[in-house]
Amino acid sequence: TPLEIQRILNAARTRGLSSGRIIKIANVLSSLFGQARRAKVIAYNPASAEFCKRPRMEKTYEEQVPNPEIVASFLKEAAADPISLAVSLSLAGGFRRGELLGLKWCNINFESDSIIIRDTVVEGEHGKVVKGPKSKAGLRPVIMPKLIMVALASHKDRQAMDRKSRKIKGEPVWVFETAKGTPITPSNFSRSFRQKQKAKGISGLRLKTFRHTQA
């Protein structure tokens with residue numbers, strides 16, 4: 001029953017689990033009961049948000065705004081490192097994570113130094129999905145600094161050589177791709193971004209913070 005599910009969530013809170021962990025537990029239970037409901041084993045989903053109250057997500061770290069030194073360090077590595085390039089693009093254009101991962105080479109104009117976001121990659125219960133931009137503003141060209149465009153050109157050349165060494169046929173579609181030539185899953189990118197921050201001796205940076213920061 002919903003009451004029993006709520007007791008499980010409350011007990012998890014009492015044991016000291018983070019709000020994020022408790023929300024994940026609730027979502028897993030909701031998914032399992034949802035399957036049972038669709039199979040007509042039960043009449044309703046007792047773990048749905050309609051019946052069970054989830055805790056609010058709490059910040060587990062202090063969100064930081066990058067200082068000029070941090071910005072410069074990412075820009076310096078942009079031509080040789082995909083994560084630093086993605087961060088530099090976000091800093092310069094205010095792009096969201098999903099917009100960066102949905103960026104295609106055909107939407108980059110090296111002659112006008114501009115980028116148009118036409119796709120975004122999101123992650124759901126069944127994995128990653130490519131959708132249209134989150135807002136209509138994403139369809140307008142965004143002028144980029146020459147430094148970023150040079151880094152993109154270097155990345156494109158390096159990507160082509162890497163695909164050739166891995167014997168992947170055809171031209172690359174995605175600016176940021178997996179070893180199989182597919183878009184990167186958002187959670188995997190975030191993990192790599194955290195690792196990059198750790199290597200630099202920093203923490204707490206989030207791409208959405210960069211939407212109000214210009215390189």
# chains A, B, ... in the order shown; residues from 1 in each chain; ligands from 1
$ residues_around --residues "region 44-52 of chain A" --least-positions-apart "5" --cutoff "8 Å" --atoms "only C-alpha atoms" --output "list in words"
Thr1, Pro2, Leu3, Ile5, Gln6, Ala26, Asn27, Leu29, Ser30, Phe33, Gly34 and Arg37 of chain A
$ select_by_dssp --residues "region 40-105 of chain A" --states "alpha helix (DSSP H)" --output "PyMOL selection string"
chain A and resi 68-77+82-93+97-101
$ write_last_selection --atoms "N, CA and C atoms" --output "compact mmCIF listing (two decimals), in the first residue's frame"
# COMPACT_ATOMS: atom_id res chain seq x y z
N PRO A 68 38.36 33.43 -13.79
CA PRO A 68 39.11 33.57 -15.05
C PRO A 68 40.22 32.55 -15.24
N GLU A 69 40.88 32.15 -14.14
CA GLU A 69 41.96 31.17 -14.25
C GLU A 69 41.44 29.80 -14.68
N ILE A 70 40.29 29.42 -14.12
CA ILE A 70 39.69 28.13 -14.49
C ILE A 70 39.22 28.16 -15.94
N VAL A 71 38.59 29.27 -16.33
CA VAL A 71 38.13 29.42 -17.71
C VAL A 71 39.31 29.30 -18.67
N ALA A 72 40.41 29.97 -18.34
CA ALA A 72 41.60 29.95 -19.20
C ALA A 72 42.18 28.54 -19.31
N SER A 73 42.12 27.77 -18.23
CA SER A 73 42.67 26.42 -18.26
C SER A 73 41.88 25.50 -19.18
N PHE A 74 40.55 25.67 -19.20
CA PHE A 74 39.72 24.87 -20.10
C PHE A 74 39.95 25.29 -21.56
N LEU A 75 40.04 26.59 -21.80
CA LEU A 75 40.27 27.08 -23.16
C LEU A 75 41.62 26.61 -23.70
N LYS A 76 42.60 26.57 -22.83
CA LYS A 76 43.95 26.15 -23.23
C LYS A 76 43.97 24.70 -23.71
N GLU A 77 43.11 23.87 -23.11
CA GLU A 77 43.09 22.44 -23.43
C GLU A 77 42.01 22.09 -24.46
N PRO A 82 38.33 16.69 -25.56
CA PRO A 82 36.90 16.86 -25.84
C PRO A 82 36.11 17.46 -24.68
N ILE A 83 36.41 17.06 -23.44
CA ILE A 83 35.68 17.59 -22.29
C ILE A 83 35.96 19.08 -22.14
N SER A 84 37.21 19.47 -22.27
CA SER A 84 37.55 20.89 -22.17
C SER A 84 36.92 21.69 -23.31
N LEU A 85 36.83 21.07 -24.49
CA LEU A 85 36.18 21.72 -25.62
C LEU A 85 34.70 21.93 -25.35
N ALA A 86 34.04 20.91 -24.80
CA ALA A 86 32.61 21.02 -24.47
C ALA A 86 32.38 22.11 -23.43
N VAL A 87 33.24 22.16 -22.43
CA VAL A 87 33.13 23.18 -21.39
C VAL A 87 33.34 24.57 -21.99
N SER A 88 34.31 24.70 -22.89
CA SER A 88 34.59 25.98 -23.53
C SER A 88 33.41 26.43 -24.38
N LEU A 89 32.78 25.49 -25.07
CA LEU A 89 31.59 25.81 -25.87
C LEU A 89 30.45 26.31 -24.98
N SER A 90 30.29 25.65 -23.84
CA SER A 90 29.25 26.05 -22.91
C SER A 90 29.53 27.44 -22.34
N LEU A 91 30.79 27.69 -22.03
CA LEU A 91 31.18 29.00 -21.51
C LEU A 91 30.94 30.11 -22.53
N ALA A 92 31.28 29.81 -23.79
CA ALA A 92 31.19 30.83 -24.84
C ALA A 92 29.77 31.03 -25.36
N GLY A 93 29.01 29.94 -25.44
CA GLY A 93 27.68 30.02 -26.04
C GLY A 93 26.52 29.79 -25.10
N ARG A 97 24.00 20.96 -21.40
CA ARG A 97 24.68 19.67 -21.59
C ARG A 97 24.08 18.89 -22.75
N GLY A 98 22.75 18.77 -22.76
CA GLY A 98 22.10 18.00 -23.83
C GLY A 98 22.30 18.61 -25.20
N GLU A 99 22.40 19.95 -25.26
CA GLU A 99 22.64 20.63 -26.53
C GLU A 99 24.04 20.35 -27.05
N LEU A 100 25.01 20.32 -26.14
CA LEU A 100 26.39 20.00 -26.53
C LEU A 100 26.48 18.58 -27.08
N LEU A 101 25.83 17.65 -26.39
CA LEU A 101 25.90 16.24 -26.81
C LEU A 101 25.10 15.99 -28.08
$ atom_distance --atom1 "CA of Glu123 (chain A)" --atom2 "CA of Pro186 (chain A)"
6.5 Å
$ select_by_dssp --residues "region 62-177 of chain A" --states "strand (DSSP E)" --output "list in words"
Ile108, Asn109, Ser114, Ile115, Thr120, Val121, Val122, Glu123, Gly124, Gly127, Lys128, Val129, Val130, Lys131, Val142 and Ile143 of chain A
$ write_last_selection --atoms "N, CA and C atoms" --output "mmCIF file, in the first residue's frame"
data_model
loop_
_atom_site.group_PDB
_atom_site.id
_atom_site.type_symbol
_atom_site.label_atom_id
_atom_site.label_comp_id
_atom_site.auth_asym_id
_atom_site.auth_seq_id
_atom_site.Cartn_x
_atom_site.Cartn_y
_atom_site.Cartn_z
ATOM 1 N N ILE A 108 27.526 23.349 -37.716
ATOM 2 C CA ILE A 108 28.619 24.268 -37.394
ATOM 3 C C ILE A 108 29.091 24.910 -38.693
ATOM 4 N N ASN A 109 29.085 26.217 -38.754
ATOM 5 C CA ASN A 109 29.513 26.953 -39.938
ATOM 6 C C ASN A 109 30.870 27.599 -39.660
ATOM 7 N N SER A 114 29.796 30.269 -36.592
ATOM 8 C CA SER A 114 28.518 30.193 -35.884
ATOM 9 C C SER A 114 28.055 28.749 -35.699
ATOM 10 N N ILE A 115 27.178 28.571 -34.728
ATOM 11 C CA ILE A 115 26.625 27.254 -34.394
ATOM 12 C C ILE A 115 25.117 27.377 -34.241
ATOM 13 N N THR A 120 19.058 17.850 -29.176
ATOM 14 C CA THR A 120 19.530 17.750 -27.801
ATOM 15 C C THR A 120 19.413 16.303 -27.349
ATOM 16 N N VAL A 121 20.354 15.840 -26.566
ATOM 17 C CA VAL A 121 20.363 14.456 -26.088
ATOM 18 C C VAL A 121 19.906 14.438 -24.632
ATOM 19 N N VAL A 122 18.874 13.662 -24.352
ATOM 20 C CA VAL A 122 18.365 13.517 -22.984
ATOM 21 C C VAL A 122 18.436 12.052 -22.590
ATOM 22 N N GLU A 123 18.335 11.813 -21.294
ATOM 23 C CA GLU A 123 18.442 10.452 -20.772
ATOM 24 C C GLU A 123 17.199 10.102 -19.988
ATOM 25 N N GLY A 124 16.605 8.961 -20.306
ATOM 26 C CA GLY A 124 15.399 8.526 -19.623
ATOM 27 C C GLY A 124 15.496 7.095 -19.155
ATOM 28 N N GLY A 127 17.233 4.773 -21.676
ATOM 29 C CA GLY A 127 18.502 5.213 -22.242
ATOM 30 C C GLY A 127 18.430 6.604 -22.839
ATOM 31 N N LYS A 128 19.385 6.909 -23.697
ATOM 32 C CA LYS A 128 19.455 8.259 -24.279
ATOM 33 C C LYS A 128 18.517 8.397 -25.474
ATOM 34 N N VAL A 129 17.996 9.604 -25.633
ATOM 35 C CA VAL A 129 17.073 9.916 -26.718
ATOM 36 C C VAL A 129 17.479 11.260 -27.315
ATOM 37 N N VAL A 130 17.441 11.352 -28.642
ATOM 38 C CA VAL A 130 17.754 12.604 -29.322
ATOM 39 C C VAL A 130 16.449 13.327 -29.621
ATOM 40 N N LYS A 131 16.337 14.561 -29.138
ATOM 41 C CA LYS A 131 15.132 15.361 -29.346
ATOM 42 C C LYS A 131 15.497 16.698 -29.973
ATOM 43 N N VAL A 142 24.506 31.046 -33.167
ATOM 44 C CA VAL A 142 25.258 31.632 -32.061
ATOM 45 C C VAL A 142 26.683 31.870 -32.549
ATOM 46 N N ILE A 143 27.102 33.120 -32.569
ATOM 47 C CA ILE A 143 28.449 33.451 -33.019
ATOM 48 C C ILE A 143 29.450 33.051 -31.943
#
$ closest_residue --among "A:Cys106, A:Met144, A:Ala151, A:Ala12" --to "Val173 (chain A)" --atoms "only C-alpha atoms"
A:Cys106
$ closest_residue --among "A:Glu171, A:Gly94, A:Ser18, A:Asn67" --to "Leu205 (chain A)" --atoms "only C-alpha atoms"
A:Asn67
$ closest_residue --among "A:Ala79, A:Ala43, A:Lys169, A:Lys180" --to "Leu147 (chain A)" --atoms "only C-alpha atoms"
A:Ala79
$ closest_residue --among "A:Ala179, A:Leu152, A:Ile117, A:Ile202" --to "Lys164 (chain A)" --atoms "only C-alpha atoms"
A:Ala179
$ residues_around --residues "region 174-177 of chain A" --least-positions-apart "2" --cutoff "7 Å" --atoms "only C-alpha atoms" --output "list in words"
Leu101, Gly102, Leu103, Lys104, Trp105, Pro172, Ala179, Gly181, Thr182, Pro183 and Ile184 of chain A
$ write_last_selection --atoms "N, CA, C and O atoms" --output "PDB file, in the first residue's frame"
ATOM      1  N   LEU A 101      25.826  17.650 -26.393  1.00  0.00           N
ATOM      2  CA  LEU A 101      25.904  16.242 -26.811  1.00  0.00           C
ATOM      3  C   LEU A 101      25.101  15.991 -28.081  1.00  0.00           C
ATOM      4  O   LEU A 101      25.331  15.002 -28.775  1.00  0.00           O
ATOM      5  N   GLY A 102      24.141  16.880 -28.385  1.00  0.00           N
ATOM      6  CA  GLY A 102      23.356  16.743 -29.608  1.00  0.00           C
ATOM      7  C   GLY A 102      23.912  17.556 -30.763  1.00  0.00           C
ATOM      8  O   GLY A 102      23.315  17.598 -31.846  1.00  0.00           O
ATOM      9  N   LEU A 103      25.061  18.184 -30.552  1.00  0.00           N
ATOM     10  CA  LEU A 103      25.659  19.037 -31.586  1.00  0.00           C
ATOM     11  C   LEU A 103      26.215  18.206 -32.740  1.00  0.00           C
ATOM     12  O   LEU A 103      26.977  17.265 -32.531  1.00  0.00           O
ATOM     13  N   LYS A 104      25.812  18.555 -33.956  1.00  0.00           N
ATOM     14  CA  LYS A 104      26.279  17.857 -35.162  1.00  0.00           C
ATOM     15  C   LYS A 104      27.212  18.765 -35.956  1.00  0.00           C
ATOM     16  O   LYS A 104      27.083  19.992 -35.934  1.00  0.00           O
ATOM     17  N   TRP A 105      28.119  18.136 -36.690  1.00  0.00           N
ATOM     18  CA  TRP A 105      29.057  18.909 -37.504  1.00  0.00           C
ATOM     19  C   TRP A 105      28.342  19.715 -38.581  1.00  0.00           C
ATOM     20  O   TRP A 105      28.781  20.803 -38.949  1.00  0.00           O
ATOM     21  N   PRO A 172      32.066  11.548 -39.495  1.00  0.00           N
ATOM     22  CA  PRO A 172      31.443  11.687 -38.171  1.00  0.00           C
ATOM     23  C   PRO A 172      30.232  12.612 -38.226  1.00  0.00           C
ATOM     24  O   PRO A 172      30.231  13.598 -38.969  1.00  0.00           O
ATOM     25  N   ALA A 179      32.891   5.648 -28.726  1.00  0.00           N
ATOM     26  CA  ALA A 179      33.806   4.856 -29.554  1.00  0.00           C
ATOM     27  C   ALA A 179      33.081   4.205 -30.727  1.00  0.00           C
ATOM     28  O   ALA A 179      33.701   3.828 -31.716  1.00  0.00           O
ATOM     29  N   GLY A 181      30.696   5.817 -32.385  1.00  0.00           N
ATOM     30  CA  GLY A 181      30.206   6.874 -33.266  1.00  0.00           C
ATOM     31  C   GLY A 181      28.802   7.346 -32.956  1.00  0.00           C
ATOM     32  O   GLY A 181      28.163   7.982 -33.795  1.00  0.00           O
ATOM     33  N   THR A 182      28.321   7.068 -31.752  1.00  0.00           N
ATOM     34  CA  THR A 182      26.976   7.489 -31.340  1.00  0.00           C
ATOM     35  C   THR A 182      27.077   8.631 -30.326  1.00  0.00           C
ATOM     36  O   THR A 182      28.145   8.885 -29.768  1.00  0.00           O
ATOM     37  N   PRO A 183      25.969   9.339 -30.064  1.00  0.00           N
ATOM     38  CA  PRO A 183      26.018  10.434 -29.079  1.00  0.00           C
ATOM     39  C   PRO A 183      26.389   9.915 -27.689  1.00  0.00           C
ATOM     40  O   PRO A 183      26.065   8.784 -27.328  1.00  0.00           O
ATOM     41  N   ILE A 184      27.049  10.741 -26.927  1.00  0.00           N
ATOM     42  CA  ILE A 184      27.444  10.382 -25.570  1.00  0.00           C
ATOM     43  C   ILE A 184      26.246  10.499 -24.632  1.00  0.00           C
ATOM     44  O   ILE A 184      25.455  11.436 -24.729  1.00  0.00           O
TER      45      ILE A 184
END
